[in-house]
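Colleague: Provided below: target-v9.cif, containing mmCIF, C-alpha atoms.
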data_target
#
loop_
_atom_site.label_atom_id
_atom_site.label_comp_id
_atom_site.auth_asym_id
_atom_site.auth_seq_id
_atom_site.Cartn_x
_atom_site.Cartn_y
_atom_site.Cartn_z
CA MET A 1022 128.46 45.11 77.36
CA GLY A 1023 127.87 48.49 78.93
CA LYS A 1024 125.74 51.43 77.93
CA VAL A 1025 127.48 54.76 77.31
CA SER A 1026 125.59 58.00 76.63
CA VAL A 1027 126.68 59.96 73.60
CA ARG A 1028 125.89 63.57 72.81
CA PHE A 1029 126.31 65.44 69.56
CA PHE A 1030 126.51 69.19 69.13
CA ALA A 1031 126.22 71.74 66.33
CA ARG A 1032 127.35 70.30 62.98
CA TYR A 1033 127.93 66.86 64.47
CA ALA A 1034 124.28 66.73 65.60
CA GLU A 1035 123.30 67.37 62.00
CA LEU A 1036 125.59 64.54 60.87
CA ALA A 1037 124.28 62.12 63.51
CA GLY A 1038 120.65 63.14 63.04
CA CYS A 1039 120.17 63.47 66.80
CA THR A 1040 121.61 65.31 69.78
CA TRP A 1041 121.59 62.49 72.30
CA SER A 1042 121.68 58.71 72.21
CA HIS A 1043 123.61 55.80 73.65
CA VAL A 1044 125.81 53.00 72.34
CA ASN A 1045 126.58 49.57 73.76
CA VAL A 1046 130.28 48.82 74.06
CA ASP A 1047 132.47 46.37 75.95
CA THR A 1048 133.40 48.28 79.09
CA PRO A 1049 135.83 49.38 80.34
CA THR A 1050 136.89 50.96 77.09
CA THR A 1051 138.23 54.26 75.73
CA VAL A 1052 136.74 57.36 74.17
CA ALA A 1053 138.31 56.33 70.83
CA GLU A 1054 136.48 52.97 70.96
CA VAL A 1055 133.19 54.69 71.76
CA ILE A 1056 133.70 56.99 68.77
CA ALA A 1057 134.44 53.99 66.54
CA ARG A 1058 131.13 52.45 67.65
CA VAL A 1059 129.34 55.76 67.07
CA ARG A 1060 130.59 55.82 63.46
CA GLU A 1061 129.00 52.39 62.94
CA VAL A 1062 125.67 53.22 64.56
CA PHE A 1063 125.36 56.75 63.09
CA PRO A 1064 126.90 56.51 59.61
CA GLY A 1065 126.56 60.27 59.06
CA THR A 1066 129.22 60.78 61.74
CA GLN A 1067 131.81 59.13 59.50
CA ALA A 1068 132.18 62.66 58.10
CA MET A 1069 133.62 63.78 61.45
CA PRO A 1070 137.42 64.19 61.48
CA ALA A 1071 139.52 61.14 62.39
CA LYS A 1072 140.22 62.59 65.84
CA PRO A 1073 137.36 64.85 66.90
CA LEU A 1074 137.37 66.84 70.12
CA ALA A 1075 135.62 64.90 72.85
CA ALA A 1076 134.44 65.46 76.39
CA LEU A 1077 133.94 62.77 79.01
CA ASN A 1078 131.45 63.66 81.72
CA GLN A 1079 131.64 67.35 80.78
CA ARG A 1080 135.42 67.65 80.67
CA GLN A 1081 137.49 67.74 77.52
CA VAL A 1082 139.69 64.63 77.35
CA LYS A 1083 142.13 62.87 75.05
CA LEU A 1084 140.81 60.00 72.99
CA ASP A 1085 142.64 57.37 75.06
CA ALA A 1086 140.73 58.39 78.21
CA PRO A 1087 139.10 55.40 79.93
CA VAL A 1088 135.32 55.04 79.72
CA THR A 1089 133.10 52.93 81.92
CA GLU A 1090 129.41 52.03 81.89
CA GLY A 1091 127.13 55.01 82.48
CA ASP A 1092 129.67 57.60 81.33
CA GLU A 1093 128.72 60.37 78.92
CA VAL A 1094 130.88 60.99 75.86
CA ALA A 1095 130.23 64.23 73.97
CA LEU A 1096 131.54 64.89 70.48
CA LEU A 1097 132.50 68.52 69.99
CA PRO A 1098 133.03 70.32 66.69
CA PRO A 1099 135.89 72.88 66.72
CA LEU A 1100 135.05 75.31 69.52
CA ALA A 1101 133.89 78.78 68.49
CA GLY A 1102 132.76 80.59 71.63
CA GLY A 1103 133.01 84.29 72.33
CA MET B 1055 123.69 82.73 85.32
CA HIS B 1056 126.71 82.63 82.94
CA LEU B 1057 124.54 81.71 79.96
CA THR B 1058 121.48 83.59 78.83
CA ARG B 1059 119.22 83.96 75.82
CA ASP B 1060 118.49 87.60 76.63
CA PRO B 1061 120.43 90.70 75.53
CA LEU B 1062 123.46 91.27 77.76
CA ASP B 1063 123.29 93.83 80.53
CA VAL B 1064 126.70 95.31 81.34
CA THR B 1065 125.41 97.36 84.25
CA ASP B 1066 124.35 94.21 86.01
CA LEU B 1067 127.77 92.60 85.46
CA LEU B 1068 129.56 95.72 86.72
CA ALA B 1069 127.50 95.69 89.89
CA GLN B 1070 128.73 92.17 90.56
CA VAL B 1071 132.46 92.98 90.32
CA GLN B 1072 132.90 96.54 91.52
CA GLY B 1073 133.81 97.36 95.11
CA ALA B 1074 135.54 100.05 97.14
CA GLU B 1075 138.82 98.11 97.27
CA ARG B 1076 138.93 97.59 93.50
CA GLY B 1077 140.12 100.79 91.80
CA GLY B 1078 140.31 99.51 88.22
CA THR B 1079 137.51 98.02 86.18
CA CYS B 1080 137.43 97.04 82.56
CA VAL B 1081 134.76 95.59 80.34
CA PHE B 1082 135.11 93.50 77.22
CA LEU B 1083 132.24 93.05 74.79
CA GLY B 1084 132.32 90.65 71.88
CA THR B 1085 129.87 91.77 69.23
CA VAL B 1086 128.46 90.04 66.16
CA ARG B 1087 130.26 91.49 63.14
CA ASN B 1088 128.79 92.14 59.69
CA ASP B 1089 131.25 89.89 57.83
CA GLY B 1090 130.15 89.60 54.23
CA ASP B 1091 126.43 89.05 54.11
CA VAL B 1092 126.07 87.91 57.75
CA THR B 1093 122.91 89.21 59.39
CA ALA B 1094 123.04 87.24 62.65
CA ILE B 1095 124.81 84.36 64.37
CA ASP B 1096 123.00 81.47 65.98
CA TYR B 1097 124.96 80.40 69.09
CA SER B 1098 124.51 76.96 70.59
CA ALA B 1099 126.29 75.36 73.53
CA TYR B 1100 126.86 72.23 75.51
CA GLU B 1101 125.36 74.23 78.33
CA ALA B 1102 126.23 72.13 81.37
CA MET B 1103 129.86 71.83 80.31
CA ALA B 1104 130.08 75.48 79.26
CA PHE B 1105 128.85 76.52 82.69
CA GLU B 1106 131.45 74.34 84.44
CA GLU B 1107 134.21 75.56 82.13
CA ILE B 1108 133.31 79.20 82.81
CA GLU B 1109 133.44 78.49 86.55
CA ARG B 1110 136.89 76.97 86.12
CA VAL B 1111 138.19 79.90 84.04
CA LEU B 1112 136.87 82.45 86.55
CA ALA B 1113 138.42 80.49 89.43
CA GLU B 1114 141.77 80.45 87.61
CA ALA B 1115 141.60 84.21 87.06
CA HIS B 1116 140.89 84.73 90.74
CA GLU B 1117 143.82 82.52 91.67
CA ARG B 1118 146.21 84.41 89.36
CA TRP B 1119 145.02 87.88 90.40
CA PRO B 1120 143.81 87.34 93.97
CA GLY B 1121 142.38 90.83 94.45
CA SER B 1122 140.35 90.66 91.27
CA ARG B 1123 136.73 89.87 90.64
CA VAL B 1124 135.60 88.82 87.17
CA MET B 1125 132.18 87.92 85.82
CA LEU B 1126 131.13 86.91 82.37
CA ARG B 1127 127.93 86.25 80.55
CA HIS B 1128 127.59 84.54 77.19
CA ARG B 1129 124.43 84.97 75.17
CA LEU B 1130 123.02 82.03 73.18
CA GLY B 1131 120.46 81.75 70.38
CA VAL B 1132 120.13 84.04 67.38
CA ILE B 1133 122.06 87.30 67.93
CA PRO B 1134 121.73 90.04 65.28
CA VAL B 1135 124.74 91.93 63.91
CA GLY B 1136 125.76 94.71 66.27
CA GLU B 1137 124.59 93.01 69.44
CA ALA B 1138 126.96 91.46 71.99
CA SER B 1139 127.43 87.72 72.34
CA ILE B 1140 129.75 87.92 75.33
CA ALA B 1141 130.38 90.43 78.09
CA ILE B 1142 133.19 90.26 80.62
CA ALA B 1143 133.65 92.67 83.52
CA ALA B 1144 136.89 92.55 85.51
CA ALA B 1145 137.66 94.66 88.56
CA ALA B 1146 140.89 94.67 90.55
CA PRO B 1147 142.75 96.89 92.98
CA HIS B 1148 144.79 98.35 90.07
CA ARG B 1149 144.20 98.60 86.32
CA ASP B 1150 147.04 96.27 85.27
CA GLU B 1151 145.40 93.35 87.02
CA ALA B 1152 141.95 94.27 85.76
CA PHE B 1153 143.14 94.33 82.13
CA ALA B 1154 145.17 91.15 82.60
CA ALA B 1155 142.33 89.23 84.22
CA CYS B 1156 139.86 90.36 81.56
CA ARG B 1157 142.26 89.38 78.77
CA TYR B 1158 142.94 86.01 80.38
CA VAL B 1159 139.25 85.20 80.65
CA ILE B 1160 138.35 86.08 77.03
CA GLU B 1161 141.33 84.15 75.63
CA GLU B 1162 140.58 81.03 77.70
CA VAL B 1163 136.89 81.25 76.84
CA LYS B 1164 137.74 81.33 73.13
CA LYS B 1165 139.88 78.21 73.53
CA ARG B 1166 137.79 76.19 75.92
CA LEU B 1167 134.04 76.87 75.88
CA PRO B 1168 131.92 74.26 74.10
CA ILE B 1169 129.98 76.85 72.14
CA TRP B 1170 129.37 76.92 68.40
CA LYS B 1171 128.17 79.50 65.95
CA LYS B 1172 126.24 79.28 62.75
CA GLU B 1173 126.29 82.36 60.54
CA LEU B 1174 122.95 83.36 59.08
CA ARG B 1175 123.24 85.22 55.78
CA GLY B 1176 121.01 87.72 54.04
CA ASP B 1177 120.37 85.27 51.17
CA GLY B 1178 118.94 82.73 53.62
CA SER B 1179 122.03 80.48 53.63
CA GLU B 1180 123.74 79.27 56.81
CA LYS B 1181 127.31 78.30 57.62
CA TRP B 1182 128.91 76.73 60.68
CA VAL B 1183 131.91 78.78 61.80
CA GLU B 1184 135.11 76.88 62.46
CA ALA B 1185 137.11 78.57 65.20
CA HIS B 1186 140.23 79.18 63.09
CA ASP B 1187 138.20 81.20 60.58
CA HIS B 1188 137.98 84.10 63.00
CA ARG B 1189 141.03 84.03 65.27
#
Please, can you express the file's structure as structure tokens?
Modeller:
Amino acid sequence: MGKVSVRFFARYAELAGCTWSHVNVDTPTTVAEVIARVREVFPGTQAMPAKPLAALNQRQVKLDAPVTEGDEVALLPPLAGG
Amino acid sequence: MHLTRDPLDVTDLLAQVQGAERGGTCVFLGTVRNDGDVTAIDYSAYEAMAFEEIERVLAEAHERWPGSRVMLRHRLGVIPVGEASIAIAAAAPHRDEAFAACRYVIEEVKKRLPIWKKELRGDGSEKWVEAHDHR
């Protein structure tokens, strides 16, 4: 098992009830698997869309991106900058 | 330096991009609009990623228009209607490149920055803005 940091922003932080935490997952894994674990640990996040935007170590990635221990996965609501 | 909680200062941005070899300068301001009963927008960001993304967008603009210099500043926190949330200053040898670089930066920022807005209404209610609501 490896520890992966997870961060929640904006509406997703409200759903999760926190802005930062971590989950334990079998590493190496993928962003999609981390999100599946997040939905179990933070039931409020089940209200997120099936395929939310995600960033891995501060870069937006696809959900099949590989994740290893110590990585940071951030879940991003639809972007609305400007 | 790209993200601030203070009101935006265009003069300061202009000073960072203007130079004797750059004959065209343009400025874009994005301002909080009084849609419906909106009184202010509360902007939040994944700040570390937003900073890196802004650096990448500015580097891309510089690569596409090599003589240009572009700076941007995005304000975060509660911004009242009528005040600017983003300011971009672009200077280039000629106006075409200045306009193009400025346009490129605002469009990429809209697509890529991990920044979110929550509308605050006069009746005390709040609503997260989904990007497609305001394209």
Colleague: Which residues of chain A have any atom within 12 Å of an atom in stretch 1153-1172 of chain B when counting all atoms listed in the file, and what is the closest pair of atoms for each, with the distance in Å to one decimal? Order the rows by chain and rising number and write it as CSV.
Modeller:
residue,atom,partner,partner_atom,distance
A:Phe1029,CA,B:Pro1168,CA,11.4
A:Phe1030,CA,B:Trp1170,CA,8.3
A:Ala1031,CA,B:Trp1170,CA,6.4
A:Arg1032,CA,B:Trp1170,CA,8.8
A:Tyr1033,CA,B:Trp1170,CA,10.9
A:Ala1034,CA,B:Trp1170,CA,11.7
A:Leu1074,CA,B:Pro1168,CA,10.0
A:Ala1075,CA,B:Pro1168,CA,10.1
A:Ala1076,CA,B:Pro1168,CA,9.4
A:Gln1079,CA,B:Pro1168,CA,9.6
A:Arg1080,CA,B:Pro1168,CA,10.0
A:Gln1081,CA,B:Arg1166,CA,8.6
A:Val1082,CA,B:Arg1166,CA,11.8
A:Ala1095,CA,B:Pro1168,CA,10.2
A:Leu1096,CA,B:Pro1168,CA,10.1
A:Leu1097,CA,B:Pro1168,CA,7.1
A:Pro1098,CA,B:Trp1170,CA,7.7
A:Pro1099,CA,B:Trp1170,CA,7.9
A:Leu1100,CA,B:Pro1168,CA,5.6
A:Ala1101,CA,B:Trp1170,CA,4.9
A:Gly1102,CA,B:Ile1169,CA,4.7
A:Gly1103,CA,B:Lys1164,CA,5.6
Colleague: Between A:Arg1060, A:Gly1065, A:Glu1093, A:Thr1048, which is the closest to chain B once you count only C-alpha atoms?
Modeller: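 Ranking A:Arg1060, A:Gly1065, A:Glu1093, A:Thr1048 by distance to chain B, first place goes to A:Glu1093.
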Colleague: Hey, could you make a per-residue contact list for chain B against chain A with 10 Å as the cut-off, showing the nearest pair of atoms and its distance in Å to one decimal, counting only C-alpha atoms, sorted by chain and number, as JSON lines?
Modeller:
{"residue": "B:Leu1083", "atom": "CA", "partner": "A:Gly1103", "partner_atom": "CA", "distance": 9.1}
{"residue": "B:Gly1084", "atom": "CA", "partner": "A:Gly1103", "partner_atom": "CA", "distance": 6.4}
{"residue": "B:Thr1085", "atom": "CA", "partner": "A:Gly1103", "partner_atom": "CA", "distance": 8.7}
{"residue": "B:Val1086", "atom": "CA", "partner": "A:Gly1103", "partner_atom": "CA", "distance": 9.6}
{"residue": "B:Tyr1097", "atom": "CA", "partner": "A:Gly1102", "partner_atom": "CA", "distance": 8.2}
{"residue": "B:Ser1098", "atom": "CA", "partner": "A:Ala1031", "partner_atom": "CA", "distance": 7.0}
{"residue": "B:Ala1099", "atom": "CA", "partner": "A:Phe1030", "partner_atom": "CA", "distance": 7.6}
{"residue": "B:Tyr1100", "atom": "CA", "partner": "A:Phe1030", "partner_atom": "CA", "distance": 7.1}
{"residue": "B:Glu1101", "atom": "CA", "partner": "A:Gln1079", "partner_atom": "CA", "distance": 9.6}
{"residue": "B:Ala1102", "atom": "CA", "partner": "A:Gln1079", "partner_atom": "CA", "distance": 7.2}
{"residue": "B:Met1103", "atom": "CA", "partner": "A:Gln1079", "partner_atom": "CA", "distance": 4.8}
{"residue": "B:Ala1104", "atom": "CA", "partner": "A:Gln1079", "partner_atom": "CA", "distance": 8.4}
{"residue": "B:Phe1105", "atom": "CA", "partner": "A:Gln1079", "partner_atom": "CA", "distance": 9.8}
{"residue": "B:Glu1106", "atom": "CA", "partner": "A:Gln1079", "partner_atom": "CA", "distance": 7.9}
{"residue": "B:Glu1107", "atom": "CA", "partner": "A:Arg1080", "partner_atom": "CA", "distance": 8.1}
{"residue": "B:Arg1127", "atom": "CA", "partner": "A:Gly1103", "partner_atom": "CA", "distance": 9.9}
{"residue": "B:His1128", "atom": "CA", "partner": "A:Gly1103", "partner_atom": "CA", "distance": 7.3}
{"residue": "B:Arg1129", "atom": "CA", "partner": "A:Gly1103", "partner_atom": "CA", "distance": 9.1}
{"residue": "B:Leu1130", "atom": "CA", "partner": "A:Gly1102", "partner_atom": "CA", "distance": 10.0}
{"residue": "B:Ala1138", "atom": "CA", "partner": "A:Gly1103", "partner_atom": "CA", "distance": 9.4}
{"residue": "B:Ser1139", "atom": "CA", "partner": "A:Gly1103", "partner_atom": "CA", "distance": 6.5}
{"residue": "B:Ile1140", "atom": "CA", "partner": "A:Gly1103", "partner_atom": "CA", "distance": 5.7}
{"residue": "B:Ala1141", "atom": "CA", "partner": "A:Gly1103", "partner_atom": "CA", "distance": 8.8}
{"residue": "B:Ile1160", "atom": "CA", "partner": "A:Gly1103", "partner_atom": "CA", "distance": 7.3}
{"residue": "B:Glu1161", "atom": "CA", "partner": "A:Gly1103", "partner_atom": "CA", "distance": 9.0}
{"residue": "B:Glu1162", "atom": "CA", "partner": "A:Gly1103", "partner_atom": "CA", "distance": 9.8}
{"residue": "B:Val1163", "atom": "CA", "partner": "A:Gly1103", "partner_atom": "CA", "distance": 6.7}
{"residue": "B:Lys1164", "atom": "CA", "partner": "A:Gly1102", "partner_atom": "CA", "distance": 5.3}
{"residue": "B:Lys1165", "atom": "CA", "partner": "A:Leu1100", "partner_atom": "CA", "distance": 6.9}
{"residue": "B:Arg1166", "atom": "CA", "partner": "A:Leu1100", "partner_atom": "CA", "distance": 7.0}
{"residue": "B:Leu1167", "atom": "CA", "partner": "A:Gly1102", "partner_atom": "CA", "distance": 5.8}
{"residue": "B:Pro1168", "atom": "CA", "partner": "A:Leu1100", "partner_atom": "CA", "distance": 5.6}
{"residue": "B:Ile1169", "atom": "CA", "partner": "A:Gly1102", "partner_atom": "CA", "distance": 4.7}
{"residue": "B:Trp1170", "atom": "CA", "partner": "A:Ala1101", "partner_atom": "CA", "distance": 4.9}
{"residue": "B:Lys1171", "atom": "CA", "partner": "A:Ala1101", "partner_atom": "CA", "distance": 6.3}
{"residue": "B:Lys1172", "atom": "CA", "partner": "A:Ala1031", "partner_atom": "CA", "distance": 8.3}
{"residue": "B:Lys1181", "atom": "CA", "partner": "A:Arg1032", "partner_atom": "CA", "distance": 9.6}
{"residue": "B:Trp1182", "atom": "CA", "partner": "A:Arg1032", "partner_atom": "CA", "distance": 7.0}
{"residue": "B:Val1183", "atom": "CA", "partner": "A:Ala1101", "partner_atom": "CA", "distance": 7.0}
{"residue": "B:Glu1184", "atom": "CA", "partner": "A:Pro1099", "partner_atom": "CA", "distance": 5.9}
{"residue": "B:Ala1185", "atom": "CA", "partner": "A:Ala1101", "partner_atom": "CA", "distance": 4.6}
{"residue": "B:His1186", "atom": "CA", "partner": "A:Ala1101", "partner_atom": "CA", "distance": 8.3}
{"residue": "B:Asp1187", "atom": "CA", "partner": "A:Ala1101", "partner_atom": "CA", "distance": 9.3}
{"residue": "B:His1188", "atom": "CA", "partner": "A:Ala1101", "partner_atom": "CA", "distance": 8.7}
{"residue": "B:Arg1189", "atom": "CA", "partner": "A:Ala1101", "partner_atom": "CA", "distance": 9.4}
Colleague: What are the centre and edge lengths in Å, to one decimal, of the axis-aligned box around all listed atoms of stretch 1054-1071 of chain A with 6 Å added on each side, as lines of an AutoDock Vina configuration file?
Modeller:
center_x = 132.4
center_y = 58.3
center_z = 64.9
size_x = 26.2
size_y = 23.8
size_z = 25.7
Colleague: For A:Asp1085, which residue out of A:Met1069, A:Thr1050, A:Trp1041, A:Ala1057 is the nearest one, using only C-alpha atoms?
Modeller: A:Thr1050
Colleague: What does the distance from atom CA of A:Ala1068 to atom CA of A:Val1052 come to in Å, to one decimal?
Modeller: 17.5 Å
Colleague: By how many Å are atom CA of B:Leu1174 and atom CA of B:Asp1096 apart?
Modeller: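 Going from atom CA of B:Leu1174 over to atom CA of B:Asp1096 covers 7.2 Å.
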Colleague: What gap, in Å, lies between atom CA of B:Ala1115 and atom CA of A:Pro1073?
Modeller: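 Between these atoms lies a distance of 28.3 Å.
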Colleague: Closest to A:Asn1045 among A:Pro1070, A:Asp1092, A:Pro1064, A:Lys1083, using all atoms listed in the file?
Modeller: A:Asp1092
Colleague: Select, from B:Thr1079, B:Val1135, B:Gly1090, B:Ile1108, the residue with the minimum atom-to-atom distance to B:Glu1151, counting all atoms listed in the file.
Modeller: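 Checking each of B:Thr1079, B:Val1135, B:Gly1090, B:Ile1108 against B:Glu1151, counting all atoms listed in the file, the winner is B:Thr1079.
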Colleague: Restricting the calculation to all atoms listed in the file: of B:Glu1137, B:Gly1131, B:Leu1057, B:Arg1123, which residue gets closest to B:Glu1075?
Modeller: B:Arg1123
Colleague: Under the rule that only C-alpha atoms are counted, which of B:Asn1088, B:Gln1070, B:Glu1180, B:Ala1094 is the nearest residue to B:Ala1144?
Modeller: B:Gln1070
Colleague: Take the PyMOL selection byres ((chain B and resi 1124) around 7), apply it to the structure above, and return the hits as an MDAnalysis selection string.
Modeller: chainID B and resid 1071 1112 1122:1123 1125:1126 1143:1145
